[in-house]
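Novice: Got a structure for you, written out below as structure tokens; questions coming shortly.
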Amino acid sequence: MSEIPKKYKHLEVEEKWGEKWEKWGIHSWDPDRGRDETFVVDTPPPTVSGALHVGHVFSYTHQDLIVRYQRMKGKNIAYPMGWDDNGLPTERRVQNLLGIQCNPHLPYDKDWKPERKKASDKSVEEVSRLNFIEACSGITEEDEQAFEHLWRRLGLSLDWNQQYATIDEHCRKVSQLSFLDLVEKDQVYNVESPTMWDIDFKTAVAQAEVEDRPRNGMFHDIRFGVEGGGELLISTTRPELLAACIAVVAHPTDERYQDLFGKFAITPLFGARVPIVPANHADPEKGTGILMVCTFGDSMDVEWWKQSGLAVKQVIGRNGRLLPVEFGSEPFASIDPGKAETAWARLEGLTANQAKKVSAELLGEEGSFVDGHSSAMPDEPRPVEQVVKFYEKGDRPLEFVTTRQWFVKILDYKEELKKQGEKIKWHPSYMRSRYQNWVEGLNQDWCISRQRYFGVPFPVWYPLGSDGEPDFSAPIFADPEMLPVDPLSTPAPGYSEEQRDVPGGFSGEPDVMDTWATSSLTPQIQSHWGVDPEKHSKLFPMDVRPQSHEIIRTWAFYTIVKAWMHEREIPWKHVVISGWILDPDRKKMSKSKGNVVTPEDLLTEWSSDAIRYWAARARLGADTAFDPGVFKVGRRLAVKVFNASRFVIMQLDRGAGAGSYPGVENITEPLDIAMVGKMRKVINQSAAAFESFDYAAALQVSEEAFWTFCDHYLELVKIRSYMDEDTPARRSALAGLAWGLKTFLKLLAPFLPFMTEEVWSWRFSGEGRDRSVHTSAWPSIEEVSEVPSPLHEETFNAAVEVLGEIRATKTQDQKSLRWPVNRLSVTASREQLDALAPVFDDVLMAGNVVPDAAETITGEPGEDRKFLVVLELAEEREES
RNA sequence: GCCCGGUUAGCUCAGUUGGUUAGAGCGCCUGCCUUACAAGCAGGAAGUCAUAAGUUCGAGUCUUAUACCGGGCACCA
């Protein structure tokens with residue numbers, strides 16, 4: 001039996017329990033238990049190259065609350081930790097930290113070692129692909145350690161034996177298996193077509209990674225000639241794409257342009273002859289009602305071009321600069337190639353933004369092919385508010401560039417995917433509509449290839465013709481036994497390394513998969529789909545996917561896609577969505593706004609339990625303010641657990657001897673019975689809340705009951721438990737205290753894992769499951785099935801109310817609460833007095849009323865139906 | 001334009017199927033060293049439940065509309 005400390009030192013205690021839990025292995029998944037008794041969590045793998053954020057603490061705590069409850073319910077918990085280290089964020093971080101850039105044409109240098117450079121050093125070193133990948137791996141390892149340290153301090157009950165990283169061998173293997181399975185099922189294809197392209201990262205991006213940003217654009221009215229005479233005026237914000245114009249369109253019903261349909265327009269500057277045709281997407285209300293279609297200004301252009309059969313005029317290159325163009329022949333035919341070339345000479349090589357200005361100048365000067373006008377711009381450009389698509393991590397607008405990419409077919413399956421969403425339970429339920437909205441709005445297949453280096457390679461090669469050109473229509477796929485494979489270091493099946501990149505040989509696919517192509521497989525990764533069928537059957541489909549709402553359209557959606565395509569299954573039964581942390585201005589807290597607080601500092605200052613309490617108060621899905629006021633309340637609750645437990649255990653040790661406390665069969669006194677009666681409700685409500693993932697409601701009901709237990713029950717039972725003789729009354733008090741405290745420690749254990757474990761260890765720790773409060777059985781009303789129900793429902797409240805009146809009188813009289821009462825009379829209805837009678841003696845003792853100086857009077861209840869309490873305080877107080 | 005949340009005390013939030021006088025904590029004010037806890041305890045002040053109409057014997061709760069805040073989707077020459 002340990003000595004009970006007087007003060008709580010959270011840093012020491014938290015470290016102690018972190019180590020013990022690890023040593024005991026109480027968070028480990030047991031592979032021998034069946035699916036039915038297992039609770040499986042699809043833990044979000046954080047982007048390790050991002051900053052540790054208080055938002056992480058918030059949402060990971062939510063998962064842990066649910067997990068800890070399920071563990072106490074006896075479930076075998078599968079709660080792994082994954083790290084999302086592959087992909088762009090890591091590449092960016094490595095480029096910045098080490099000042100390196102990948103040049104895939106350089107050979108591997110085995111002597112090269114990554115070194116951090118000084119912030120002032122702006123130089124950039126080029127390294128080979130493999131050196132670059134090594135550097136990325138090194139940096140992510142450091143980052144992962146920082147996360148792990150925070151997770152352990154926060155008390156997340158993760159199974160550290162079950163870890164994965166999205167770039168590790170296992171994840172590469174599963175990702176490639178997934179790809180090959182989709183090839184087999186004919187759900188992927190590669191095609192050369194216009195794709196959204198980030199000109200800075202020089203990679204394709206998927207629809208889900210695109211965000212709209214408002215921008216101030218300029219409408220340019222441009223004068224086009226009409227073949228056979230006449231002119232028309234189109235409005236555009238992208239004059240720099242004029243050379244890419246392939247047609248001019250207006251709405252089929254637009255009166256103004258009926259005569260022009262079927263004719264050809266002549267573009268200014270470049271003299272291209274383009275058809276004038278009707279198109280439904282032209283809005284007569286907007287601009288001049290007639291517009292140019294370019295390859296490609298926006299997604300409408302792409303769509304219209306696809307059904308037009310016209311050739312592409314690509315003028316924007318992969319770096320966002322205007323490409324060299326030869327005028328005079330298809331597709332850049334011109335009625336005046338010389339003039340076109342002169343104009344283009346001033347544009348070629350410029351960025352889109354620079355070209356916009358220069359184009360306007362050129363148009364204003366001499367661009368027109370219309371008789372009687374030298375200028376092709378009758379008016380100055382006018383400002384217009386527009387919305388432009390950006391890659392979510394990018395700084396410049398996306399362009400549509402024609403490239404060869406791999407796609408997963410999702411557009412064909414919108415209905416099926418919506419149905420999958422309906423089979424899953426969303427918490428809160430309204431989050432389902434975000435998923436449904438997204439699926440309904442899909443307009444592109446899922447582009448999974450990225451022109452990056454630190455990612456999972458495609459297990460694909462292409463045969464080279466005698467001309468050395470790859471045949472993309474006949475890709476060579478890896479055999480599953482080869483996985484994971486890097487097609488740039490391993491030759492294609494049936495070829496030798498000498499045949500790489502030579503005519504008649506083969507060439508490896510240089511692209512890597514998008515991060516989401518891997519993280520969409522977290523259930524399959526954890527369950528070893530395709531690798532270990534038995535393990536897979538024990539872990540899949542999973543129970544719960546915790547995540548935040550901004551990645552419903554990516555992580556949740558793609559995971560649902562993969563589970564459906566591979567096995568026609570839902571990946572998990574429940575999705576639980578955490579909200580965001582808002583700063584006091586109600587804006588999302590983010591690194592860029594500079595208002596991020598370091599999580600480690602918070603834990604040090606307030607204790608892990610206090611921070612967990614704050615997170616636990618937020619309902620699922622609700623955005624929550626960063627509020628130190630709530631940390632304080634959490635700390636107060638933890639300290640209260642500490643002090644109340646000290647008191648209860650001191651009473652128990654004194655009255656019954658350390659460790660051998662009276663059991664619940666001794667609970668015979670009406671007050672104690674009434675306390676048990678109240679607790680039955682609390683136990684039921686808390687469990688019901690946890691079953692529906694509403695940890696916040698569970699906390700609320702347990703917390704409130706605990707304060708009542710401390711402020712009222714402990715006060716009322718105190719004097720009886722002080723008694724020196726071993727009477728049934730005292731035994732009942734001690735039994736009530738012991739059961740009550742133990743029950744509260746369990747109810748609060750998910751929220752305050754450190755404090756409750758600390759207190760549990762003083763006297764309640766036992767054998768087997770009872771070694772830790774966190775593996776002990778969740779409270780059940782079965783434990784107190786022998787304790788009778790209270791005779792009156794209101795007994796406990798009556799005691800609290802009358803004692804409250806006594807305390808109020810003393811306080812208003814500026815006397816201490818132990819001040820003696822000489823006389824007391826309580827007037828109330830028959831019914832109220834019946835409720836009070838069994839606990840009246842406890843009330844008198846707690847109120848320090850002189851024995852035999854109290855009376856109860858049956859009368860009309862007061863207007864407020866409260867007890868009418870009249871008392872006379874002692875004049876003097878004896879010094880003790 | 002379509003869709004989803006939210007609006008309750010100065011602040012942060014509860015408020016089940018409609019049911020007496022709308023709750024808690026923080027903050028504020030007053031008092032109290034009380035054989036667990038001053039990191040405490042007791043008490044107090046403080047709300048036109050965003051607005052309007054409706055349903056009802058009765059609305060914070062249900063319906064409709066509006067306003068504001070936040071978010072999602074679509075469109076965006």
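Every chain in the structure tokens takes a letter, A first, then B, and so on in the order presented; its residues are numbered from 1, and the ligands are numbered from 1 following the presented order.
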Give me, as number ranges by chain, the contact residues of chain B against chain A at a cut-off of 10 Å, counting only C-alpha atoms (C1' of nucleotides).

Specialist: B: 2-6, 11-14, 20-21, 24-27, 30-37, 39-44, 69-77

Novice: Taking the chain letters and numbering used in this document, name the residues of region 81-176 of chain A that DSSP puts in strand (DSSP E), as a list in words.

Specialist: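 So the strand (DSSP E) residues in region 81-176 of chain A would be Met81, Gly82, Trp83, Ile100, Gln101, Cys102, Glu125, Glu126, Val127, Gln163, Tyr164 and Ala165 of chain A.
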
Novice: Take the selection from the previous step and output its residues with N, CA, C and O atoms, as a short mmCIF file (atom, residue, chain, number, x, y, z; two decimals), in the first residue's frame.

Specialist:
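The new file result.cif reads:
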data_model
loop_
_atom_site.label_atom_id
_atom_site.label_comp_id
_atom_site.auth_asym_id
_atom_site.auth_seq_id
_atom_site.Cartn_x
_atom_site.Cartn_y
_atom_site.Cartn_z
N MET A 81 -0.74 3.19 -35.27
CA MET A 81 -0.28 4.53 -35.61
C MET A 81 0.34 4.51 -36.99
O MET A 81 1.21 3.69 -37.27
N GLY A 82 -0.13 5.38 -37.84
CA GLY A 82 0.44 5.48 -39.18
C GLY A 82 1.03 6.87 -39.38
O GLY A 82 0.64 7.82 -38.71
N TRP A 83 1.96 6.95 -40.28
CA TRP A 83 2.56 8.25 -40.60
C TRP A 83 2.42 8.49 -42.09
O TRP A 83 2.77 7.63 -42.89
N ILE A 100 18.10 21.32 -51.37
CA ILE A 100 18.38 20.41 -52.48
C ILE A 100 17.17 20.32 -53.40
O ILE A 100 16.05 20.66 -53.01
N GLN A 101 17.44 19.85 -54.59
CA GLN A 101 16.38 19.67 -55.55
C GLN A 101 16.68 18.38 -56.30
O GLN A 101 17.84 18.04 -56.51
N CYS A 102 15.62 17.67 -56.68
CA CYS A 102 15.84 16.40 -57.34
C CYS A 102 16.07 16.60 -58.82
O CYS A 102 15.30 17.28 -59.49
N GLU A 125 21.23 22.75 -54.32
CA GLU A 125 22.08 21.68 -54.84
C GLU A 125 21.19 20.66 -55.53
O GLU A 125 20.16 20.28 -54.99
N GLU A 126 21.60 20.21 -56.68
CA GLU A 126 20.83 19.18 -57.36
C GLU A 126 21.36 17.80 -56.97
O GLU A 126 22.58 17.59 -56.94
N VAL A 127 20.45 16.89 -56.64
CA VAL A 127 20.88 15.54 -56.26
C VAL A 127 20.06 14.53 -57.06
O VAL A 127 19.01 14.86 -57.61
N GLN A 163 2.65 -0.02 -36.33
CA GLN A 163 2.97 1.26 -36.96
C GLN A 163 3.19 1.05 -38.44
O GLN A 163 3.65 -0.01 -38.86
N TYR A 164 2.87 2.07 -39.19
CA TYR A 164 3.22 2.03 -40.61
C TYR A 164 3.52 3.44 -41.07
O TYR A 164 3.13 4.42 -40.41
N ALA A 165 4.21 3.55 -42.17
CA ALA A 165 4.46 4.84 -42.79
C ALA A 165 4.11 4.68 -44.26
O ALA A 165 4.43 3.65 -44.86
#

Novice: Go through region 22-128 of chain A and collect every residue that DSSP, computed from the backbone, puts in alpha helix (DSSP H); the answer should be as a PyMOL selection string.

Specialist: chain A and resi 22-24+54-72+88-98

Novice: Please produce a file of the residues just selected, as a short mmCIF file (atom, residue, chain, number, x, y, z; two decimals), in the first residue's frame, where the atoms kept are C-alpha atoms.

Specialist:
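The new file again.cif reads:
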data_model
loop_
_atom_site.label_atom_id
_atom_site.label_comp_id
_atom_site.auth_asym_id
_atom_site.auth_seq_id
_atom_site.Cartn_x
_atom_site.Cartn_y
_atom_site.Cartn_z
CA GLU A 22 4.13 0.73 -22.18
CA LYS A 23 5.74 -1.89 -19.91
CA TRP A 24 2.43 -3.58 -19.19
CA VAL A 54 -3.13 22.04 -31.13
CA GLY A 55 -5.72 20.78 -33.61
CA HIS A 56 -3.91 17.43 -33.62
CA VAL A 57 -4.19 17.22 -29.86
CA PHE A 58 -7.87 17.97 -30.15
CA SER A 59 -8.90 15.38 -32.70
CA TYR A 60 -6.59 12.58 -31.59
CA THR A 61 -7.95 12.96 -28.07
CA HIS A 62 -11.44 12.36 -29.44
CA GLN A 63 -10.39 9.02 -30.86
CA ASP A 64 -8.67 8.04 -27.68
CA LEU A 65 -11.75 8.76 -25.57
CA ILE A 66 -13.76 6.33 -27.65
CA VAL A 67 -11.00 3.76 -27.63
CA ARG A 68 -10.52 3.88 -23.88
CA TYR A 69 -14.22 3.34 -23.32
CA GLN A 70 -14.25 0.35 -25.67
CA ARG A 71 -11.19 -1.09 -23.97
CA MET A 72 -12.93 -0.93 -20.60
CA LEU A 88 4.65 16.74 -51.82
CA PRO A 89 4.66 18.20 -48.32
CA THR A 90 7.71 16.15 -47.46
CA GLU A 91 9.48 17.04 -50.69
CA ARG A 92 8.86 20.69 -50.06
CA ARG A 93 10.10 20.53 -46.51
CA VAL A 94 13.23 18.67 -47.54
CA GLN A 95 13.95 21.15 -50.30
CA ASN A 96 13.71 24.01 -47.85
CA LEU A 97 15.61 22.41 -44.99
CA LEU A 98 18.44 20.92 -47.02
#

Novice: Using only C-alpha atoms (C1' of nucleotides), find the one residue out of B:C29, B:G1, B:G18, B:G10 that sits nearest to U56 (chain B).

Specialist: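 Ranking B:C29, B:G1, B:G18, B:G10 by distance to U56 (chain B), first place goes to B:G18.
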
Novice: Could you give me, as a list in words, the residues within 12 Å of Glu19 (chain A), counting only C-alpha atoms (C1' of nucleotides) and dropping anything in the same chain fewer than 6 positions from it?

Specialist: Glu12, Val13, Gly25, Ile26, Arg152, Arg153, Gly155 and Phe754 of chain A

Novice: May I have the residues from that selection written out with N, CA and C atoms, as a compact mmCIF listing (two decimals), in the first residue's frame?

Specialist:
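What follows is the written file again_34.txt:
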# COMPACT_ATOMS: atom_id res chain seq x y z
N GLU A 12 5.51 14.59 -13.27
CA GLU A 12 6.09 13.33 -12.79
C GLU A 12 5.12 12.18 -12.98
N VAL A 13 3.88 12.42 -12.58
CA VAL A 13 2.90 11.35 -12.62
C VAL A 13 2.63 10.90 -14.05
N GLY A 25 2.04 -3.24 -21.54
CA GLY A 25 1.51 -3.60 -22.85
C GLY A 25 -0.01 -3.60 -22.91
N ILE A 26 -0.65 -2.73 -22.13
CA ILE A 26 -2.11 -2.78 -22.07
C ILE A 26 -2.80 -2.18 -23.29
N ARG A 152 2.53 10.34 -26.85
CA ARG A 152 2.73 9.62 -25.59
C ARG A 152 2.41 10.52 -24.40
N ARG A 153 2.85 11.76 -24.50
CA ARG A 153 2.57 12.68 -23.39
C ARG A 153 1.07 12.91 -23.24
N GLY A 155 -1.15 10.86 -23.70
CA GLY A 155 -1.80 9.67 -23.17
C GLY A 155 -2.65 8.95 -24.19
N PHE A 754 -4.48 9.94 -16.67
CA PHE A 754 -3.34 9.95 -15.75
C PHE A 754 -3.81 10.05 -14.30

Novice: What is the distance between CA of Ser519 (chain A) and CA of Asp486 (chain A), in Å to one decimal?

Specialist: 19.0 Å

Novice: Within 12 Å of Glu303 (chain A), counting only C-alpha atoms (C1' of nucleotides), which residues qualify if same-chain residues fewer than 3 places away don't, as a list in words?

Specialist: Ser193, Pro194, Thr195, Ala279, Asn280, His281, Val293, Cys294, Thr295, Phe296, Gly297, Asp298, Ser299, Met300, Lys306, Gln307, Ser308, Gly309, Leu310, Phe400, Asn443 and Gln444 of chain A

Novice: For CA of Gln258 (chain A) and CA of Phe369 (chain A), quote the distance in Å rounded to one decimal.

Specialist: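 These atoms are spaced 22.0 Å apart.
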